[in-house]
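Q: Sharing upload_2.txt here; it has compact mmCIF, C-alpha atoms.
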# COMPACT_ATOMS: atom_id res chain seq x y z
CA MET A 1349 26.02 -1.14 23.79
CA ASN A 1350 23.56 1.66 24.57
CA ARG A 1351 19.99 0.63 23.89
CA ASP A 1352 18.16 3.79 24.91
CA GLY A 1353 18.22 5.22 21.40
CA VAL A 1354 16.93 1.98 19.92
CA TRP A 1355 13.20 1.93 19.21
CA ILE A 1356 11.49 -1.25 18.18
CA VAL A 1357 8.34 -0.79 16.11
CA ILE A 1358 5.76 -3.56 15.92
CA ALA A 1359 2.65 -3.46 13.75
CA ALA A 1360 0.01 -5.73 15.23
CA TYR A 1361 -3.27 -6.81 13.74
CA ARG A 1362 -5.28 -9.41 15.60
CA GLU A 1363 -2.29 -10.60 17.60
CA GLU A 1364 -3.78 -10.72 21.09
CA LYS A 1365 -2.30 -14.18 21.66
CA SER A 1366 1.29 -13.33 20.81
CA ILE A 1367 1.84 -9.59 21.23
CA GLY A 1368 2.21 -9.72 25.02
CA ASN A 1369 4.92 -12.36 24.89
CA VAL A 1370 6.78 -10.72 22.02
CA VAL A 1371 7.00 -7.37 23.82
CA ALA A 1372 7.81 -8.95 27.18
CA GLU A 1373 10.63 -10.91 25.59
CA LEU A 1374 12.09 -7.77 24.03
CA LYS A 1375 11.90 -5.90 27.33
CA LYS A 1376 13.54 -8.77 29.15
CA ALA A 1377 16.38 -8.66 26.64
CA GLY A 1378 17.00 -5.04 27.66
CA TYR A 1379 15.22 -2.99 25.03
CA PRO A 1380 13.16 -0.36 26.88
CA ASN A 1381 11.50 1.37 23.92
CA ILE A 1382 8.88 -0.74 22.23
CA VAL A 1383 6.20 0.86 20.06
CA VAL A 1384 3.16 -1.24 19.24
CA VAL A 1385 0.73 0.02 16.63
CA ASP A 1386 -2.56 -1.82 16.86
CA ASP A 1387 -3.87 -1.66 13.33
CA GLY A 1388 -7.56 -1.49 14.11
CA SER A 1389 -7.88 -4.96 15.60
CA LYS A 1390 -11.25 -5.96 16.96
CA ASP A 1391 -9.72 -8.31 19.51
CA ARG A 1392 -7.74 -7.44 22.64
CA THR A 1393 -4.48 -6.62 20.88
CA PHE A 1394 -4.52 -3.03 22.12
CA SER A 1395 -5.11 -3.83 25.77
CA MET A 1396 -2.61 -6.71 25.70
CA ALA A 1397 0.03 -4.39 24.25
CA SER A 1398 -0.85 -1.56 26.62
CA SER A 1399 -0.23 -3.83 29.59
CA VAL A 1400 3.38 -4.43 28.54
CA THR A 1401 4.47 -1.15 26.93
CA SER A 1402 3.38 2.45 27.39
CA HIS A 1403 4.07 3.25 23.76
CA THR A 1404 0.92 1.73 22.33
CA LEU A 1405 -0.86 3.46 19.48
CA ARG A 1406 -4.09 2.57 17.80
CA HIS A 1407 -5.34 2.95 14.25
CA VAL A 1408 -9.09 3.46 14.53
CA ILE A 1409 -9.59 1.42 11.38
CA ASN A 1410 -7.41 -1.21 9.77
CA ARG A 1411 -5.02 0.32 7.24
CA GLY A 1412 -2.55 -2.47 6.61
CA GLN A 1413 0.88 -3.42 7.87
CA GLY A 1414 2.78 -0.84 5.85
CA ALA A 1415 0.61 1.97 7.17
CA ALA A 1416 0.92 0.78 10.77
CA LEU A 1417 4.69 0.50 10.55
CA LYS A 1418 4.92 4.01 9.19
CA THR A 1419 2.82 5.32 12.09
CA GLY A 1420 5.14 3.55 14.52
CA ILE A 1421 8.24 4.88 12.77
CA ASP A 1422 6.85 8.43 12.81
CA TYR A 1423 6.14 8.06 16.51
CA ALA A 1424 9.63 6.71 17.26
CA LEU A 1425 11.16 9.62 15.35
CA LEU A 1426 9.09 12.06 17.41
CA GLN A 1427 10.41 10.38 20.55
CA GLY A 1428 13.96 10.97 19.38
CA ALA A 1429 14.90 7.49 18.23
CA GLU A 1430 18.44 7.02 16.97
CA ILE A 1431 17.85 3.57 15.54
CA ILE A 1432 14.54 2.09 14.53
CA VAL A 1433 13.90 -1.61 14.23
CA THR A 1434 10.81 -3.17 12.64
CA PHE A 1435 9.81 -6.44 14.22
CA ASP A 1436 6.93 -8.84 13.63
CA ALA A 1437 4.13 -9.24 16.13
CA ASP A 1438 3.59 -12.96 15.65
CA GLY A 1439 6.82 -14.17 17.24
CA GLN A 1440 8.55 -15.21 14.02
CA HIS A 1441 11.58 -13.01 14.68
CA ARG A 1442 14.07 -13.88 17.40
CA VAL A 1443 15.25 -11.44 20.04
CA GLU A 1444 18.66 -13.14 19.82
CA ASP A 1445 19.13 -11.74 16.31
CA LEU A 1446 18.49 -8.13 17.32
CA GLN A 1447 22.01 -7.20 18.30
CA ALA A 1448 23.43 -8.45 15.02
CA MET A 1449 20.84 -6.35 13.17
CA ILE A 1450 21.49 -3.19 15.17
CA THR A 1451 25.28 -3.17 15.45
CA PRO A 1452 26.14 -2.38 11.79
CA VAL A 1453 23.74 0.59 11.92
CA GLN A 1454 24.97 1.75 15.31
CA THR A 1455 28.61 1.73 14.21
CA GLY A 1456 27.70 3.61 11.04
CA GLU A 1457 28.84 0.75 8.81
CA THR A 1458 25.51 0.88 6.99
CA ASP A 1459 22.22 2.83 7.00
CA ILE A 1460 19.90 -0.15 6.96
CA THR A 1461 20.07 -3.80 7.79
CA ILE A 1462 17.57 -6.28 6.40
CA GLY A 1463 17.08 -9.71 7.88
CA SER A 1464 17.53 -12.65 5.56
CA ARG A 1465 16.21 -16.07 6.31
CA PHE A 1466 18.23 -17.56 3.48
CA LEU A 1467 21.60 -16.37 4.66
CA GLY A 1468 20.75 -17.96 7.97
CA SER A 1469 18.95 -21.17 8.51
CA ALA A 1470 15.21 -20.93 8.65
CA THR A 1471 13.57 -23.41 10.89
CA ASN A 1472 10.76 -25.33 9.34
CA LEU A 1473 10.31 -23.18 6.24
CA PRO A 1474 7.52 -24.59 4.09
CA ILE A 1475 8.57 -25.43 0.55
CA LEU A 1476 5.90 -23.33 -1.18
CA ARG A 1477 6.87 -20.29 0.83
CA ARG A 1478 10.52 -20.87 -0.01
CA ILE A 1479 9.71 -20.83 -3.73
CA VAL A 1480 7.49 -17.75 -3.44
CA LEU A 1481 10.11 -15.81 -1.47
CA ARG A 1482 12.89 -16.74 -3.86
CA GLY A 1483 10.67 -15.61 -6.72
CA GLY A 1484 10.02 -12.35 -4.88
CA ALA A 1485 13.73 -11.73 -4.48
CA LEU A 1486 14.23 -12.34 -8.19
CA VAL A 1487 11.43 -9.94 -9.14
CA THR A 1488 12.88 -7.33 -6.80
CA TRP A 1489 16.25 -7.72 -8.43
CA ILE A 1490 14.80 -7.32 -11.92
CA MET A 1491 12.59 -4.35 -11.02
CA TYR A 1492 14.76 -2.41 -8.60
CA GLY A 1493 18.23 -3.65 -9.35
CA ILE A 1494 18.86 -4.52 -5.75
CA LYS A 1495 20.10 -8.00 -5.12
CA LEU A 1496 18.75 -9.49 -1.95
CA THR A 1497 18.47 -13.07 -0.88
CA ASP A 1498 15.19 -12.34 0.89
CA SER A 1499 13.17 -9.35 -0.20
CA HIS A 1500 10.14 -9.73 2.01
CA ASN A 1501 11.57 -9.92 5.45
CA GLY A 1502 9.92 -7.64 7.99
CA PHE A 1503 12.95 -7.61 10.25
CA ARG A 1504 14.89 -4.39 9.60
CA ALA A 1505 16.99 -1.87 11.45
CA MET A 1506 17.62 1.65 10.20
CA SER A 1507 19.35 4.80 11.30
CA ARG A 1508 17.35 7.89 12.15
CA LYS A 1509 18.54 9.52 8.96
CA ALA A 1510 17.37 6.58 6.85
CA ALA A 1511 14.00 6.47 8.62
CA GLU A 1512 13.48 10.16 7.92
CA GLU A 1513 14.33 9.78 4.26
CA ILE A 1514 12.32 6.71 3.46
CA GLU A 1515 8.82 7.52 2.26
CA LEU A 1516 6.40 4.65 2.62
CA LYS A 1517 3.16 5.18 0.78
CA SER A 1518 1.89 1.63 0.39
CA ASP A 1519 -0.55 0.67 3.07
CA ARG A 1520 -0.54 -3.04 2.62
CA MET A 1521 2.03 -5.80 2.29
CA GLU A 1522 3.78 -4.34 -0.76
CA HIS A 1523 5.51 -1.88 1.56
CA ALA A 1524 8.39 -4.37 1.72
CA SER A 1525 9.06 -3.81 -1.98
CA GLU A 1526 8.52 -0.11 -1.59
CA PHE A 1527 11.08 -0.09 1.18
CA ILE A 1528 13.63 -1.58 -1.18
CA ASP A 1529 12.66 0.87 -3.90
CA GLN A 1530 13.28 3.71 -1.46
CA ILE A 1531 16.69 2.33 -0.47
CA LYS A 1532 17.61 2.48 -4.12
CA ARG A 1533 16.14 5.94 -4.76
CA LYS A 1534 17.57 7.57 -1.68
CA LYS A 1535 20.91 5.84 -2.31
CA LEU A 1536 21.03 4.40 1.18
CA ARG A 1537 23.56 1.80 2.20
CA TYR A 1538 22.12 -1.57 3.14
CA LYS A 1539 23.30 -4.89 4.38
CA GLU A 1540 21.65 -8.24 4.76
CA ILE A 1541 22.01 -10.00 8.06
CA PRO A 1542 21.32 -13.71 8.49
CA VAL A 1543 18.43 -14.27 10.85
CA ILE A 1544 16.45 -17.27 11.90
CA ILE A 1545 12.72 -17.18 11.32
CA ARG A 1546 10.58 -19.28 13.57
CA TYR A 1547 7.85 -20.84 11.52
CA THR A 1548 5.44 -21.96 14.15
CA ASP A 1549 1.91 -23.11 13.44
CA TYR A 1550 0.74 -19.81 14.87
CA SER A 1551 2.87 -17.62 12.61
CA LYS A 1552 2.07 -19.80 9.61
CA ALA A 1553 -1.63 -19.41 10.19
CA HIS A 1554 -1.28 -15.68 10.71
CA SER A 1555 1.10 -14.80 7.94
CA SER A 1556 -0.13 -13.66 4.58
CA GLN A 1557 2.77 -14.75 2.45
CA GLY A 1558 1.19 -17.52 0.48
CA ALA A 1559 1.33 -17.73 -3.28
CA PHE A 1560 -1.81 -15.70 -3.85
CA PRO A 1561 -0.88 -12.63 -1.76
CA ALA A 1562 2.51 -12.77 -3.42
CA LEU A 1563 0.89 -12.35 -6.81
CA ARG A 1564 -1.12 -9.45 -5.48
CA ILE A 1565 2.05 -7.81 -4.21
CA PHE A 1566 3.69 -8.33 -7.58
CA TYR A 1567 0.74 -6.68 -9.31
CA LYS A 1568 0.86 -3.75 -6.90
CA MET A 1569 4.59 -3.37 -7.42
CA LEU A 1570 4.08 -3.15 -11.16
CA LEU A 1571 1.31 -0.64 -10.70
CA HIS A 1572 3.35 1.62 -8.43
CA LYS A 1573 6.27 1.37 -10.79
CA LEU A 1574 4.09 2.41 -13.72
CA LEU A 1575 2.23 5.20 -11.97
CA ARG A 1576 5.18 6.81 -10.28
CA MET B 24 -41.11 8.96 -38.91
CA ILE B 25 -39.81 8.84 -35.37
CA GLU B 26 -38.58 5.48 -34.11
CA PRO B 27 -39.23 4.46 -30.47
CA VAL B 28 -35.48 4.36 -29.84
CA GLN B 29 -35.30 8.01 -30.85
CA ILE B 30 -37.89 8.96 -28.26
CA VAL B 31 -35.95 7.13 -25.56
CA ALA B 32 -32.67 8.68 -26.66
CA GLY B 33 -34.27 12.09 -26.75
CA ILE B 34 -35.55 11.77 -23.21
CA VAL B 35 -32.19 10.46 -22.01
CA MET B 36 -30.48 13.40 -23.67
CA LEU B 37 -32.83 15.96 -22.14
CA ILE B 38 -32.61 14.49 -18.65
CA GLY B 39 -28.81 14.20 -18.92
CA ILE B 40 -28.32 17.77 -20.07
CA MET B 41 -30.80 19.15 -17.56
CA ARG B 42 -29.06 17.35 -14.73
CA ALA B 43 -25.70 18.66 -15.91
CA ILE B 44 -27.05 22.21 -16.01
CA LEU B 45 -28.55 21.89 -12.52
CA LEU B 46 -25.35 20.43 -11.09
CA PHE B 47 -23.27 23.09 -12.80
CA ARG B 48 -25.48 25.88 -11.48
CA SER B 49 -25.31 24.56 -7.94
CA ARG B 50 -21.53 24.32 -8.45
CA LYS B 51 -21.32 20.59 -7.93
CA LEU B 52 -19.82 20.26 -11.39
CA THR B 53 -16.76 22.09 -12.66
CA LEU B 54 -16.86 23.72 -16.11
CA PRO B 55 -14.73 21.06 -17.89
CA TRP B 56 -16.94 18.29 -16.55
CA PHE B 57 -20.07 20.23 -17.44
CA VAL B 58 -18.86 20.58 -21.03
CA PHE B 59 -17.91 16.91 -21.07
CA TRP B 60 -21.40 15.78 -20.02
CA VAL B 61 -23.16 18.16 -22.41
CA ILE B 62 -21.08 16.73 -25.25
CA VAL B 63 -21.80 13.15 -24.16
CA TRP B 64 -25.57 13.63 -23.81
CA GLY B 65 -25.79 15.96 -26.79
CA GLY B 66 -23.91 13.35 -28.78
CA VAL B 67 -26.51 10.74 -27.81
CA GLY B 68 -29.25 12.98 -29.20
CA ILE B 69 -27.43 13.87 -32.40
CA VAL B 70 -26.62 10.25 -33.18
CA ALA B 71 -30.22 9.21 -32.45
CA PHE B 72 -31.89 11.84 -34.61
CA LEU B 73 -29.26 12.20 -37.31
CA PRO B 74 -27.77 8.72 -37.78
CA ALA B 75 -26.01 10.06 -40.86
CA VAL B 76 -23.72 12.07 -38.62
CA SER B 77 -22.43 8.96 -36.88
CA TYR B 78 -22.06 7.24 -40.24
CA TRP B 79 -20.09 10.17 -41.59
CA LEU B 80 -17.90 10.38 -38.46
CA ALA B 81 -17.24 6.65 -38.59
CA HIS B 82 -16.10 6.86 -42.18
CA LEU B 83 -13.87 9.75 -41.28
CA VAL B 84 -11.85 7.56 -38.94
CA GLY B 85 -12.05 4.46 -41.11
CA ILE B 86 -14.82 2.48 -39.41
CA SER B 87 -17.61 1.24 -41.65
CA ARG B 88 -20.61 1.48 -39.33
CA GLY B 89 -21.69 4.41 -37.21
CA LEU B 90 -22.85 2.16 -34.41
CA ASP B 91 -19.42 0.50 -34.23
CA LEU B 92 -17.79 3.87 -33.72
CA LEU B 93 -20.22 4.57 -30.92
CA VAL B 94 -19.44 1.28 -29.21
CA TYR B 95 -15.70 1.84 -29.50
CA LEU B 96 -15.97 5.34 -28.13
CA SER B 97 -18.12 4.15 -25.24
CA ILE B 98 -15.59 1.51 -24.29
CA VAL B 99 -12.73 3.99 -24.39
CA THR B 100 -14.71 6.48 -22.33
CA LEU B 101 -15.67 3.84 -19.79
CA PHE B 102 -12.07 2.72 -19.43
CA TYR B 103 -11.02 6.26 -18.89
CA LEU B 104 -13.67 6.84 -16.24
CA VAL B 105 -12.75 3.60 -14.45
CA PHE B 106 -9.12 4.67 -14.48
CA LYS B 107 -10.01 8.06 -13.04
CA LEU B 108 -12.10 6.42 -10.35
CA PHE B 109 -9.29 4.02 -9.56
CA MET B 110 -6.81 6.87 -9.17
CA LYS B 111 -9.27 8.74 -7.02
CA PHE B 112 -9.71 5.65 -4.87
CA GLU B 113 -5.96 5.32 -4.36
CA THR B 114 -5.70 8.97 -3.38
CA LEU B 115 -8.62 8.66 -0.98
CA SER B 116 -7.13 5.56 0.52
CA ARG B 117 -3.88 7.39 1.21
CA GLU B 118 -5.69 10.34 2.67
CA ILE B 119 -7.63 8.08 5.01
CA THR B 120 -4.38 6.50 6.13
CA SER B 121 -2.83 9.89 6.94
CA LEU B 122 -5.95 10.76 8.88
CA VAL B 123 -5.88 7.51 10.86
CA ARG B 124 -2.16 8.02 11.50
CA GLU B 125 -2.66 11.58 12.69
CA LEU B 126 -5.40 10.39 15.07
CA ALA B 127 -3.19 7.62 16.44
CA LEU B 128 -0.29 10.02 17.03
CA ARG B 129 -2.48 12.70 18.60
CA LYS B 130 -4.00 10.37 21.13
CA LYS B 131 -0.52 9.71 22.46
Now, as a test, write the supplied structure out as structure tokens.
A:
Amino acid sequence: MNRDGVWIVIAAYREEKSIGNVVAELKKAGYPNIVVVDDGSKDRTFSMASSVTSHTLRHVINRGQGAALKTGIDYALLQGAEIIVTFDADGQHRVEDLQAMITPVQTGETDITIGSRFLGSATNLPILRRIVLRGGALVTWIMYGIKLTDSHNGFRAMSRKAAEEIELKSDRMEHASEFIDQIKRKKLRYKEIPVIIRYTDYSKAHSSQGAFPALRIFYKMLLHKLLR
Amino acid sequence: MIEPVQIVAGIVMLIGIMRAILLFRSRKLTLPWFVFWVIVWGGVGIVAFLPAVSYWLAHLVGISRGLDLLVYLSIVTLFYLVFKLFMKFETLSREITSLVRELALRKK
């Protein structure tokens, strides 16, 4: 399968320890186009990323994961990407799952694939996070009418057409919900793909998906829904 | 007989209106906002010097005390201003993000 048109976008904030490995692993697996958007980190994230990929961009100030992903997606589109994948910087996504995510988009079976840790088997998923994520999926279903097993998974693949149509306005974590809202509004086809999430101590410490941020996301979702 | 509170309110009104006029003349205030502030500060003066007006207005809308009406109105106004500020903040935030994004893409 041709991988030249595949662009992998990674938003990185304070990920100097992991970003190098994550990008190197992707390159080793045969994906030449990796975009890293350093979201205003004060550490060495930018230089670490620059040493492994030439497509490194920098936000001069921190604007949040949603904002950084959008910058990366815009850049990939400018570079002529056919398929855009969003991938996490902390090593929680597995390179082995990439092909399964990309293929349905490449063959035109669907516009977007979304990784689901519940269709697959998550390794070492903490119980509180499991409850929060299930709750998030339920809220998403009620608010957007889209039934997903896992609504806040950052692992996605989308066609060029889908990437051009989706408008992400949320800067912070609620972009995941906004993404789903856009799928619904733009009537895009989507498919969930089972993926395995690696919950390492590093990714656990770096993730912001505890119960409190989840409530914040919920509040933001409501707000966006009301103000739209 | 002038009460101390009336003197204070009078000064507040004068300063408020004068500031509004100055800002409007130097075009830092648009006409609708100028009118808004003149009404707010003018209202402060009227209520202070002619308490009967607030009493009459309160009765008009079914509130027994003039002061209560004033408090209710203040709360509503404050909420509205906070909401406006909040919306402005969201807009600003988005504009900053587009700016940061543009910078990031240009440097490439």
Q: Considering all atoms listed in the file, extract the chain B residues located within 10 Å of chain A and return them as a list in words.
A: Met110, Glu113, Ser116, Arg117, Ile119, Thr120, Ser121, Leu122, Val123, Arg124, Glu125, Leu126, Ala127, Leu128, Arg129, Lys130 and Lys131 of chain B
Q: Could the residues in this selection be written to a file with C-alpha atoms, as a PDB file, in the coordinates of the input?
A:
ATOM      1  CA  MET B 110      -6.810   6.870  -9.170  1.00  0.00           C
ATOM      2  CA  GLU B 113      -5.960   5.320  -4.360  1.00  0.00           C
ATOM      3  CA  SER B 116      -7.130   5.560   0.520  1.00  0.00           C
ATOM      4  CA  ARG B 117      -3.880   7.390   1.210  1.00  0.00           C
ATOM      5  CA  ILE B 119      -7.630   8.080   5.010  1.00  0.00           C
ATOM      6  CA  THR B 120      -4.380   6.500   6.130  1.00  0.00           C
ATOM      7  CA  SER B 121      -2.830   9.890   6.940  1.00  0.00           C
ATOM      8  CA  LEU B 122      -5.950  10.760   8.880  1.00  0.00           C
ATOM      9  CA  VAL B 123      -5.880   7.510  10.860  1.00  0.00           C
ATOM     10  CA  ARG B 124      -2.160   8.020  11.500  1.00  0.00           C
ATOM     11  CA  GLU B 125      -2.660  11.580  12.690  1.00  0.00           C
ATOM     12  CA  LEU B 126      -5.400  10.390  15.070  1.00  0.00           C
ATOM     13  CA  ALA B 127      -3.190   7.620  16.440  1.00  0.00           C
ATOM     14  CA  LEU B 128      -0.290  10.020  17.030  1.00  0.00           C
ATOM     15  CA  ARG B 129      -2.480  12.700  18.600  1.00  0.00           C
ATOM     16  CA  LYS B 130      -4.000  10.370  21.130  1.00  0.00           C
ATOM     17  CA  LYS B 131      -0.520   9.710  22.460  1.00  0.00           C
TER      18      LYS B 131
END
Q: Between A:Val1371, A:Val1383, A:Ala1448, A:Leu1481, which residue has the minimum interatomic distance to Leu1563 (chain A), considering only C-alpha atoms?
A: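 Among the listed residues, the smallest separation from Leu1563 (chain A) belongs to A:Leu1481.
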Q: Tell me, as a CSV table (one decimal) with C-alpha atoms, in the coordinates of the input, which residues lie within 8 Å of Gln1530 (chain A), counting all atoms listed in the file; anything in the same chain fewer than 5 positions away does not count.
A:
chain,number,residue,atom,x,y,z
A,1514,ILE,CA,12.3,6.7,3.5
A,1515,GLU,CA,8.8,7.5,2.3
A,1535,LYS,CA,20.9,5.8,-2.3
Q: How many Å separate CA of Ser1398 (chain A) from CA of Ile1460 (chain A)?
A: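 Calculated distance between CA of Ser1398 (chain A) and CA of Ile1460 (chain A) is 28.6 Å.
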Q: Using all atoms listed in the file, find the one residue out of B:Pro55, B:Val84, B:Val61, B:Pro27 that sits nearest to Arg42 (chain B).
A: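 Comparing B:Pro55, B:Val84, B:Val61, B:Pro27 against Arg42 (chain B), the winner is B:Val61.
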